[in-house]
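Asks: Sharing work.cif (mmCIF, C-alpha atoms) below.
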```
data_structure
#
loop_
_atom_site.label_atom_id
_atom_site.label_comp_id
_atom_site.auth_asym_id
_atom_site.auth_seq_id
_atom_site.Cartn_x
_atom_site.Cartn_y
_atom_site.Cartn_z
CA MET N 1 -12.43 -18.11 47.91
CA ALA N 2 -10.62 -19.50 44.85
CA TYR N 3 -9.70 -23.18 44.38
CA ARG N 4 -6.64 -24.42 42.52
CA VAL N 5 -6.33 -27.79 40.78
CA LEU N 6 -2.79 -28.66 39.66
CA GLY N 7 -2.06 -25.03 39.28
CA ARG N 8 -5.15 -24.35 37.04
CA ALA N 9 -8.06 -22.29 38.20
CA GLY N 10 -11.47 -24.06 37.96
CA PRO N 11 -15.09 -23.22 38.63
CA PRO N 12 -16.49 -23.86 42.05
CA GLN N 13 -17.72 -27.46 42.38
CA PRO N 14 -21.33 -26.61 43.46
CA ARG N 15 -21.91 -24.59 40.27
CA ARG N 16 -20.64 -27.41 38.08
CA ALA N 17 -22.94 -29.90 39.78
CA ARG N 18 -25.91 -27.65 39.17
CA ARG N 19 -25.05 -27.47 35.46
CA LEU N 20 -24.79 -31.24 35.16
CA LEU N 21 -28.12 -31.69 36.93
CA PHE N 22 -29.78 -29.14 34.60
CA ALA N 23 -28.43 -30.91 31.46
CA PHE N 24 -29.64 -34.29 32.71
CA THR N 25 -33.11 -32.92 33.48
CA LEU N 26 -33.35 -31.25 30.04
CA SER N 27 -32.35 -34.48 28.26
CA LEU N 28 -34.92 -36.47 30.21
CA SER N 29 -37.68 -33.95 29.39
CA CYS N 30 -36.86 -34.03 25.64
CA THR N 31 -36.96 -37.83 25.65
CA TYR N 32 -40.35 -37.84 27.32
CA LEU N 33 -41.65 -35.19 24.96
CA CYS N 34 -40.61 -37.22 21.90
CA TYR N 35 -42.27 -40.30 23.33
CA SER N 36 -45.51 -38.37 23.87
CA LEU N 37 -45.43 -37.06 20.30
CA LEU N 38 -44.91 -40.56 18.91
CA CYS N 39 -47.89 -41.86 20.85
CA CYS N 40 -49.98 -38.95 19.66
CA CYS N 41 -49.05 -39.45 15.98
CA ASP N 42 -49.69 -43.17 16.24
CA ASP N 43 -53.22 -42.52 17.49
CA LEU N 44 -53.82 -40.03 14.69
CA GLY N 45 -52.51 -42.40 12.03
CA GLN N 46 -54.65 -45.29 13.22
CA SER N 47 -57.66 -43.02 13.40
CA ARG N 48 -57.18 -41.94 9.78
CA LEU N 49 -56.62 -45.47 8.48
CA LEU N 50 -59.68 -46.81 10.23
CA GLY N 51 -61.85 -43.95 9.12
CA ALA N 52 -62.46 -42.88 12.73
CA PRO N 53 -62.75 -39.24 13.86
CA ARG N 54 -59.42 -37.49 14.12
CA CYS N 55 -59.03 -37.07 17.88
CA LEU N 56 -56.55 -37.69 20.66
CA ARG N 57 -56.80 -39.93 23.62
CA GLY N 58 -56.80 -38.35 27.07
CA PRO N 59 -53.50 -36.61 27.80
CA SER N 60 -51.03 -38.29 30.05
CA ALA N 61 -49.61 -36.50 33.03
CA GLY N 62 -46.24 -36.01 31.38
CA GLY N 63 -47.67 -34.62 28.16
CA GLN N 64 -50.48 -32.67 29.73
CA LYS N 65 -49.12 -29.25 28.83
CA LEU N 66 -48.43 -30.28 25.22
CA LEU N 67 -51.82 -31.86 24.58
CA GLN N 68 -54.05 -29.76 26.78
CA LYS N 69 -55.64 -28.00 23.74
CA SER N 70 -56.51 -31.25 21.91
CA ARG N 71 -60.13 -32.35 22.04
CA PRO N 72 -60.85 -35.63 23.81
CA CYS N 73 -61.25 -38.81 21.79
CA HIS N 74 -64.67 -40.41 21.57
CA LEU N 75 -64.37 -43.84 20.03
CA PRO N 76 -67.20 -45.00 17.75
CA GLY N 77 -69.71 -47.33 19.28
CA PRO N 78 -72.65 -47.23 21.61
CA THR N 79 -72.43 -45.13 24.76
CA PRO N 80 -72.91 -46.93 28.06
CA SER N 81 -76.46 -45.60 28.32
CA GLU N 82 -77.43 -46.94 24.87
CA PRO N 83 -77.86 -50.63 24.05
CA SER N 84 -75.92 -51.96 21.09
CA ALA N 85 -77.90 -52.09 17.87
CA PRO N 86 -78.46 -55.61 16.47
CA SER N 87 -76.10 -56.47 13.68
CA ALA N 88 -77.56 -56.09 10.20
CA PRO N 89 -78.36 -59.31 8.35
CA ALA N 90 -75.98 -60.31 5.59
CA ALA N 91 -76.88 -58.91 2.20
CA ALA N 92 -78.61 -61.36 -0.09
CA ALA N 93 -76.51 -62.74 -2.94
CA PRO N 94 -77.27 -60.95 -6.24
CA ALA N 95 -79.35 -62.83 -8.75
CA PRO N 96 -77.28 -64.35 -11.54
CA ARG N 97 -77.13 -62.10 -14.60
CA LEU N 98 -79.05 -63.45 -17.56
CA SER N 99 -77.03 -63.97 -20.69
CA GLY N 100 -79.55 -61.96 -22.61
CA SER N 101 -79.32 -58.90 -20.36
CA ASN N 102 -77.95 -55.89 -22.17
CA HIS N 103 -75.60 -54.46 -19.59
CA SER N 104 -72.87 -55.17 -17.10
CA GLY N 105 -70.72 -53.15 -14.73
CA SER N 106 -71.22 -50.33 -12.28
CA PRO N 107 -73.97 -47.77 -12.98
CA LYS N 108 -71.70 -44.96 -11.76
CA LEU N 109 -69.19 -45.70 -14.51
CA GLY N 110 -71.78 -46.51 -17.14
CA THR N 111 -72.59 -49.96 -18.43
CA LYS N 112 -71.35 -52.08 -21.30
CA ARG N 113 -74.20 -52.49 -23.73
CA LEU N 114 -74.71 -54.25 -27.01
CA PRO N 115 -74.52 -51.62 -29.77
CA GLN N 116 -77.68 -49.81 -30.78
CA ALA N 117 -76.10 -48.72 -34.08
CA LEU N 118 -73.60 -50.31 -36.47
CA ILE N 119 -71.53 -49.01 -39.37
CA VAL N 120 -71.79 -52.12 -41.53
CA GLY N 121 -70.10 -51.00 -44.73
CA VAL N 122 -68.52 -50.57 -47.06
CA LYS N 123 -64.81 -51.20 -47.12
CA LYS N 124 -62.84 -48.24 -48.55
CA GLY N 125 -66.02 -46.20 -48.62
CA GLY N 126 -65.19 -43.79 -45.77
CA THR N 127 -66.31 -45.78 -42.73
CA ARG N 128 -63.32 -44.80 -40.61
CA ALA N 129 -63.98 -41.11 -41.27
CA VAL N 130 -67.63 -41.45 -40.22
CA LEU N 131 -66.61 -43.29 -37.06
CA GLU N 132 -64.01 -40.69 -36.06
CA PHE N 133 -66.32 -37.79 -36.84
CA ILE N 134 -69.32 -39.17 -34.92
CA ARG N 135 -67.16 -39.99 -31.89
CA VAL N 136 -66.82 -36.25 -31.30
CA HIS N 137 -70.47 -36.22 -30.24
CA PRO N 138 -70.92 -36.52 -26.45
CA ASP N 139 -73.96 -38.79 -26.87
CA VAL N 140 -72.02 -41.42 -28.82
CA ARG N 141 -69.45 -43.89 -27.55
CA ALA N 142 -67.80 -46.07 -30.17
CA LEU N 143 -65.47 -49.03 -30.22
CA GLY N 144 -62.26 -47.97 -31.95
CA THR N 145 -61.32 -51.36 -33.43
CA GLU N 146 -63.30 -53.63 -35.73
CA PRO N 147 -64.55 -56.63 -33.71
CA HIS N 148 -65.76 -58.65 -36.73
CA PHE N 149 -68.30 -60.31 -34.47
CA PHE N 150 -71.07 -60.96 -36.99
CA ASP N 151 -68.74 -62.42 -39.62
CA ARG N 152 -65.69 -64.04 -37.96
CA ASN N 153 -66.30 -64.22 -34.20
CA TYR N 154 -69.99 -65.01 -33.91
CA GLY N 155 -69.24 -68.27 -32.12
CA ARG N 156 -67.80 -66.36 -29.14
CA GLY N 157 -71.28 -65.27 -28.12
CA LEU N 158 -72.99 -62.00 -27.26
CA ASP N 159 -71.46 -61.79 -23.80
CA TRP N 160 -67.98 -61.70 -25.37
CA TYR N 161 -69.17 -59.12 -27.89
CA ARG N 162 -70.66 -56.93 -25.16
CA SER N 163 -67.45 -57.11 -23.13
CA LEU N 164 -65.62 -55.30 -25.96
CA MET N 165 -67.91 -52.29 -25.88
CA PRO N 166 -67.13 -48.99 -24.14
CA ARG N 167 -69.13 -48.10 -21.05
CA THR N 168 -72.04 -45.80 -21.76
CA LEU N 169 -74.68 -43.89 -19.84
CA GLU N 170 -78.39 -44.40 -20.45
CA SER N 171 -78.47 -41.30 -22.64
CA GLN N 172 -75.57 -42.43 -24.87
CA ILE N 173 -75.48 -44.62 -27.96
CA THR N 174 -73.04 -47.51 -28.31
CA LEU N 175 -71.62 -47.84 -31.82
CA GLU N 176 -69.21 -50.15 -33.60
CA LYS N 177 -67.82 -50.38 -37.13
CA THR N 178 -66.99 -53.45 -39.21
CA PRO N 179 -67.30 -52.75 -42.98
CA SER N 180 -67.24 -56.41 -44.01
CA TYR N 181 -70.67 -56.99 -42.45
CA PHE N 182 -72.37 -55.49 -45.51
CA VAL N 183 -71.12 -58.28 -47.78
CA THR N 184 -71.49 -61.11 -45.24
CA GLN N 185 -74.54 -63.24 -46.03
CA GLU N 186 -75.25 -64.21 -42.42
CA ALA N 187 -74.74 -60.76 -40.89
CA PRO N 188 -78.28 -59.34 -41.38
CA ARG N 189 -79.95 -62.32 -39.69
CA ARG N 190 -77.43 -62.35 -36.83
CA ILE N 191 -77.80 -58.63 -36.16
CA PHE N 192 -81.58 -58.96 -36.32
CA ASN N 193 -81.43 -61.74 -33.73
CA MET N 194 -79.39 -59.47 -31.45
CA SER N 195 -81.88 -56.60 -31.82
CA ARG N 196 -84.38 -55.88 -34.55
CA ASP N 197 -84.17 -52.20 -33.59
CA THR N 198 -80.49 -51.84 -34.51
CA LYS N 199 -79.77 -48.81 -36.68
CA LEU N 200 -77.51 -49.49 -39.64
CA ILE N 201 -75.17 -47.06 -41.39
CA VAL N 202 -73.72 -47.83 -44.82
CA VAL N 203 -71.07 -45.56 -46.34
CA VAL N 204 -71.06 -45.99 -50.12
CA ARG N 205 -68.77 -44.67 -52.80
CA ASN N 206 -68.44 -44.85 -56.59
CA PRO N 207 -67.81 -48.60 -56.98
CA VAL N 208 -65.06 -48.12 -59.57
CA THR N 209 -63.13 -45.66 -57.37
CA ARG N 210 -63.77 -47.91 -54.39
CA ALA N 211 -62.31 -50.95 -56.22
CA ILE N 212 -59.18 -49.01 -57.21
CA SER N 213 -58.74 -47.83 -53.61
CA ASP N 214 -59.16 -51.39 -52.38
CA TYR N 215 -56.53 -52.62 -54.84
CA THR N 216 -54.14 -49.80 -53.86
CA GLN N 217 -54.36 -50.83 -50.22
CA THR N 218 -53.72 -54.50 -51.02
CA LEU N 219 -50.81 -53.59 -53.30
CA SER N 220 -49.13 -51.69 -50.47
CA LYS N 221 -49.11 -54.90 -48.45
CA LYS N 222 -48.53 -57.40 -51.27
CA PRO N 223 -46.47 -55.77 -54.03
CA ASP N 224 -46.33 -59.00 -56.09
CA ILE N 225 -50.05 -59.30 -56.81
CA PRO N 226 -51.27 -59.19 -60.44
CA THR N 227 -52.31 -55.94 -62.09
CA PHE N 228 -55.67 -54.33 -61.42
CA GLU N 229 -56.72 -55.06 -64.98
CA GLY N 230 -55.73 -58.72 -64.69
CA LEU N 231 -57.75 -59.20 -61.52
CA SER N 232 -60.81 -57.28 -62.75
CA PHE N 233 -61.54 -59.27 -65.91
CA ARG N 234 -61.90 -62.88 -66.82
CA ASN N 235 -61.76 -61.79 -70.44
CA ARG N 236 -61.24 -58.12 -71.11
CA THR N 237 -61.74 -58.44 -74.87
CA LEU N 238 -65.25 -59.80 -74.27
CA GLY N 239 -65.79 -57.45 -71.35
CA LEU N 240 -66.28 -60.29 -68.87
CA VAL N 241 -65.74 -58.89 -65.39
CA ASP N 242 -64.57 -61.28 -62.69
CA VAL N 243 -67.21 -60.86 -59.98
CA SER N 244 -65.46 -63.44 -57.80
CA TRP N 245 -62.77 -60.87 -57.01
CA ASN N 246 -63.85 -59.26 -53.77
CA ALA N 247 -62.76 -55.76 -54.81
CA ILE N 248 -65.28 -55.95 -57.67
CA ARG N 249 -68.04 -57.79 -55.82
CA ILE N 250 -68.24 -55.35 -52.89
CA GLY N 251 -69.32 -52.54 -55.26
CA MET N 252 -72.45 -54.44 -56.37
CA TYR N 253 -74.40 -52.64 -53.66
CA ALA N 254 -77.91 -53.50 -54.88
CA LEU N 255 -77.10 -57.21 -54.71
CA HIS N 256 -75.92 -57.06 -51.08
CA LEU N 257 -78.74 -54.75 -50.00
CA GLU N 258 -81.33 -57.41 -50.84
CA SER N 259 -80.12 -59.54 -47.93
CA TRP N 260 -80.50 -56.66 -45.48
CA LEU N 261 -83.98 -55.71 -46.60
CA ARG N 262 -85.20 -59.21 -45.72
CA TYR N 263 -84.66 -58.34 -42.05
CA PHE N 264 -84.63 -54.54 -41.73
CA PRO N 265 -86.90 -51.84 -43.17
CA LEU N 266 -85.26 -49.27 -45.39
CA ALA N 267 -86.03 -46.55 -42.82
CA GLN N 268 -83.66 -48.31 -40.42
CA ILE N 269 -80.71 -48.09 -42.84
CA HIS N 270 -78.93 -44.80 -43.49
CA PHE N 271 -76.68 -44.37 -46.53
CA VAL N 272 -73.77 -41.93 -46.38
CA SER N 273 -72.21 -40.63 -49.59
CA GLY N 274 -68.45 -41.13 -49.49
CA GLU N 275 -68.04 -38.33 -52.03
CA ARG N 276 -70.13 -35.81 -50.11
CA LEU N 277 -68.34 -36.80 -46.92
CA ILE N 278 -65.27 -35.18 -48.49
CA THR N 279 -66.90 -32.11 -50.03
CA ASP N 280 -69.49 -31.47 -47.29
CA PRO N 281 -68.59 -33.37 -44.12
CA ALA N 282 -70.80 -31.26 -41.87
CA GLY N 283 -73.85 -31.85 -44.07
CA GLU N 284 -73.33 -35.61 -44.21
CA MET N 285 -72.65 -35.85 -40.48
CA GLY N 286 -75.72 -33.71 -39.78
CA ARG N 287 -77.85 -36.33 -41.51
CA VAL N 288 -76.11 -39.10 -39.56
CA GLN N 289 -76.92 -37.32 -36.30
CA ASP N 290 -80.56 -36.97 -37.38
CA PHE N 291 -80.70 -40.67 -38.18
CA LEU N 292 -79.30 -41.60 -34.76
CA GLY N 293 -81.80 -39.29 -33.07
CA ILE N 294 -79.21 -37.05 -31.44
CA LYS N 295 -78.79 -33.30 -31.49
CA ARG N 296 -76.78 -31.75 -34.32
CA LEU N 297 -73.62 -30.76 -32.47
CA ILE N 298 -71.05 -31.68 -35.14
CA THR N 299 -71.05 -28.75 -37.56
CA ASP N 300 -68.81 -26.85 -39.98
CA LYS N 301 -66.76 -25.47 -37.11
CA HIS N 302 -65.39 -28.96 -36.40
CA PHE N 303 -63.72 -29.48 -39.80
CA TYR N 304 -60.94 -28.18 -41.97
CA PHE N 305 -59.76 -29.50 -45.34
CA ASN N 306 -56.33 -31.13 -45.39
CA LYS N 307 -54.91 -30.47 -48.88
CA THR N 308 -52.12 -33.01 -48.42
CA LYS N 309 -54.47 -35.90 -47.69
CA GLY N 310 -57.27 -34.62 -49.85
CA PHE N 311 -60.07 -34.95 -47.31
CA PRO N 312 -61.41 -33.16 -44.24
CA CYS N 313 -59.94 -33.50 -40.77
CA LEU N 314 -61.24 -32.60 -37.34
CA LYS N 315 -60.04 -29.37 -35.81
CA LYS N 316 -58.45 -29.53 -32.39
CA THR N 317 -60.92 -29.46 -29.53
CA GLU N 318 -60.73 -28.62 -25.84
CA SER N 319 -59.82 -32.24 -25.09
CA SER N 320 -57.32 -32.53 -27.94
CA LEU N 321 -54.24 -30.34 -28.35
CA LEU N 322 -53.77 -31.31 -32.00
CA PRO N 323 -56.08 -31.64 -35.03
CA ARG N 324 -57.26 -35.18 -35.74
CA CYS N 325 -56.66 -36.58 -39.20
CA LEU N 326 -57.00 -40.17 -40.30
CA GLY N 327 -53.89 -42.35 -40.36
CA LYS N 328 -51.25 -42.73 -43.02
CA SER N 329 -53.15 -45.59 -44.65
CA LYS N 330 -55.95 -43.15 -45.53
CA GLY N 331 -55.63 -40.84 -48.48
CA ARG N 332 -53.10 -42.88 -50.44
CA THR N 333 -52.45 -41.88 -54.03
CA HIS N 334 -54.25 -44.41 -56.20
CA VAL N 335 -52.40 -46.46 -58.76
CA GLN N 336 -52.83 -45.32 -62.37
CA ILE N 337 -55.41 -47.37 -64.25
CA ASP N 338 -55.99 -47.50 -67.99
CA PRO N 339 -58.99 -45.18 -68.72
CA GLU N 340 -60.49 -47.86 -70.99
CA VAL N 341 -60.54 -50.28 -68.05
CA ILE N 342 -62.32 -47.66 -65.96
CA ASP N 343 -64.92 -47.12 -68.70
CA GLN N 344 -65.58 -50.86 -68.97
CA LEU N 345 -66.09 -51.14 -65.23
CA ARG N 346 -68.44 -48.16 -65.24
CA GLU N 347 -70.58 -49.91 -67.83
CA PHE N 348 -70.53 -53.09 -65.75
CA TYR N 349 -71.68 -51.30 -62.60
CA ARG N 350 -74.31 -49.09 -64.30
CA PRO N 351 -77.31 -51.46 -63.94
CA TYR N 352 -76.38 -52.23 -60.33
CA ASN N 353 -76.06 -48.54 -59.55
CA ILE N 354 -79.42 -47.66 -61.10
CA LYS N 355 -81.15 -50.42 -59.14
CA PHE N 356 -79.43 -49.22 -55.98
CA TYR N 357 -80.59 -45.62 -56.56
CA GLU N 358 -84.15 -46.78 -57.09
CA THR N 359 -84.16 -48.97 -54.00
CA VAL N 360 -82.80 -46.39 -51.57
CA GLY N 361 -84.50 -43.40 -53.24
CA GLN N 362 -81.25 -41.47 -53.64
CA ASP N 363 -79.15 -40.65 -56.72
CA PHE N 364 -75.43 -40.73 -55.91
CA ARG N 365 -74.48 -39.58 -59.46
CA TRP N 366 -71.70 -42.09 -60.10
CA GLU N 367 -72.29 -42.17 -63.86
#
```
The structure given in the file should be rewritten as structure tokens.

Replies:
Amino acid sequence: MAYRVLGRAGPPQPRRARRLLFAFTLSLSCTYLCYSLLCCCDDLGQSRLLGAPRCLRGPSAGGQKLLQKSRPCHLPGPTPSEPSAPSAPAAAAPAPRLSGSNHSGSPKLGTKRLPQALIVGVKKGGTRAVLEFIRVHPDVRALGTEPHFFDRNYGRGLDWYRSLMPRTLESQITLEKTPSYFVTQEAPRRIFNMSRDTKLIVVVRNPVTRAISDYTQTLSKKPDIPTFEGLSFRNRTLGLVDVSWNAIRIGMYALHLESWLRYFPLAQIHFVSGERLITDPAGEMGRVQDFLGIKRLITDKHFYFNKTKGFPCLKKTESSLLPRCLGKSKGRTHVQIDPEVIDQLREFYRPYNIKFYETVGQDFRWE
């Protein structure tokens, strides 16, 4: 039988009521389902944060069908049949670290140690090249900057010095470079007091070429300084060289070496030729590796000659996408010096060079 409402046909009232009841029931079920999911996720999140096993608490009656496949939750702690274990005693406070101890930090990350080897000289001899080349070796970790501890910062103490060092494993060598140590009177004694077993590396170069390179670097920073000739001589006519000028004095290697030999045997000092470092970098670095007591891993395959700079560079490695050359300050074109000035300086350095050759048992052929 059809019903009419204001002339418009409508559905029978009992059918409409059933639809409304169905919609209400569906809405209520969805709300309850969402609530159950929220509770479930909350339990999971807390379990993960607390490091507990990922499990679900017992399912509620409303969410029983949704959670019936989840495993029950067993909270950590003793079961009712087991007595609680006594709480562990508090860990004893660590003993204070002695100032003289040679390490700090976590063993897993390595420890900061005082250096076992130092590149002590000489300025403008090729020390940066040796440092960058030896850092390729996996058994060497080196400080990249010059700490100047044994000449300028000695008052800061060994703990401060150690804090600057990279972390190393027991099998690795810690190394740092400060070229001014070689000409610092107090440096040999201070290094000896740190460790008499310290290995010393000295990179030497023709003292005349070294002095010109030193002057070129200073001139790039201070363009108003006097000429090289004016700084080199007290009286050029008489051939009196001004040994108070640092660029000249550094090249008197035999004089500075005397201070080091008062504290360290010659076998504990290795001399690198700055000239051969350019012409045969693999050979020179092979001898450095032998001196440090590490395997010869740095070989010819690591180098290529950069014609623009005029010295060898490191080829790119697995850990480096680009070749490694020294910075712009390395490989500068030297200022032009009067050949007569060069000859006079060669004569000045000759007796010092000969004595140096005799002392170290090696002829560097600078004459």

Asks: For the atom pair atom CA of N:Thr333 and atom CA of N:Gly310, what is the interatomic distance in Å to one decimal place?

Replies: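 Taking atom CA of N:Thr333 as the start and atom CA of N:Gly310 as the end point, the length is 9.7 Å.
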
Asks: Assuming the chain letters and numbering stay as they are in my file, what does the PyMOL selection byres ((chain N and resi 204) around 6) actually select? List them as a VMD selection string.

Replies: chain N and resid 125 203 205 273 to 274

Asks: Applied to this file, what does the PyMOL selection byres ((chain N and resi 207) around 9) return in terms of residues, put as a VMD selection string?

Replies: chain N and resid 125 204 to 206 208 to 212 248 250 to 253 345 to 346 349 353 366

Asks: I'd like the residues picked by the PyMOL selection byres ((chain N and resi 145-161) around 9) written out as a PyMOL selection string, using the chain letters and numbers from the file.

Replies: chain N and resi 99-100+102+114+142-144+162-165+176-181+184-188+190-191+194

Asks: Grab the atom CA of N:Glu358 to atom CA of N:Leu266 distance for me, in Å with one decimal place.

Replies: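 Atom CA of N:Leu266 lies 12.0 Å from atom CA of N:Glu358.
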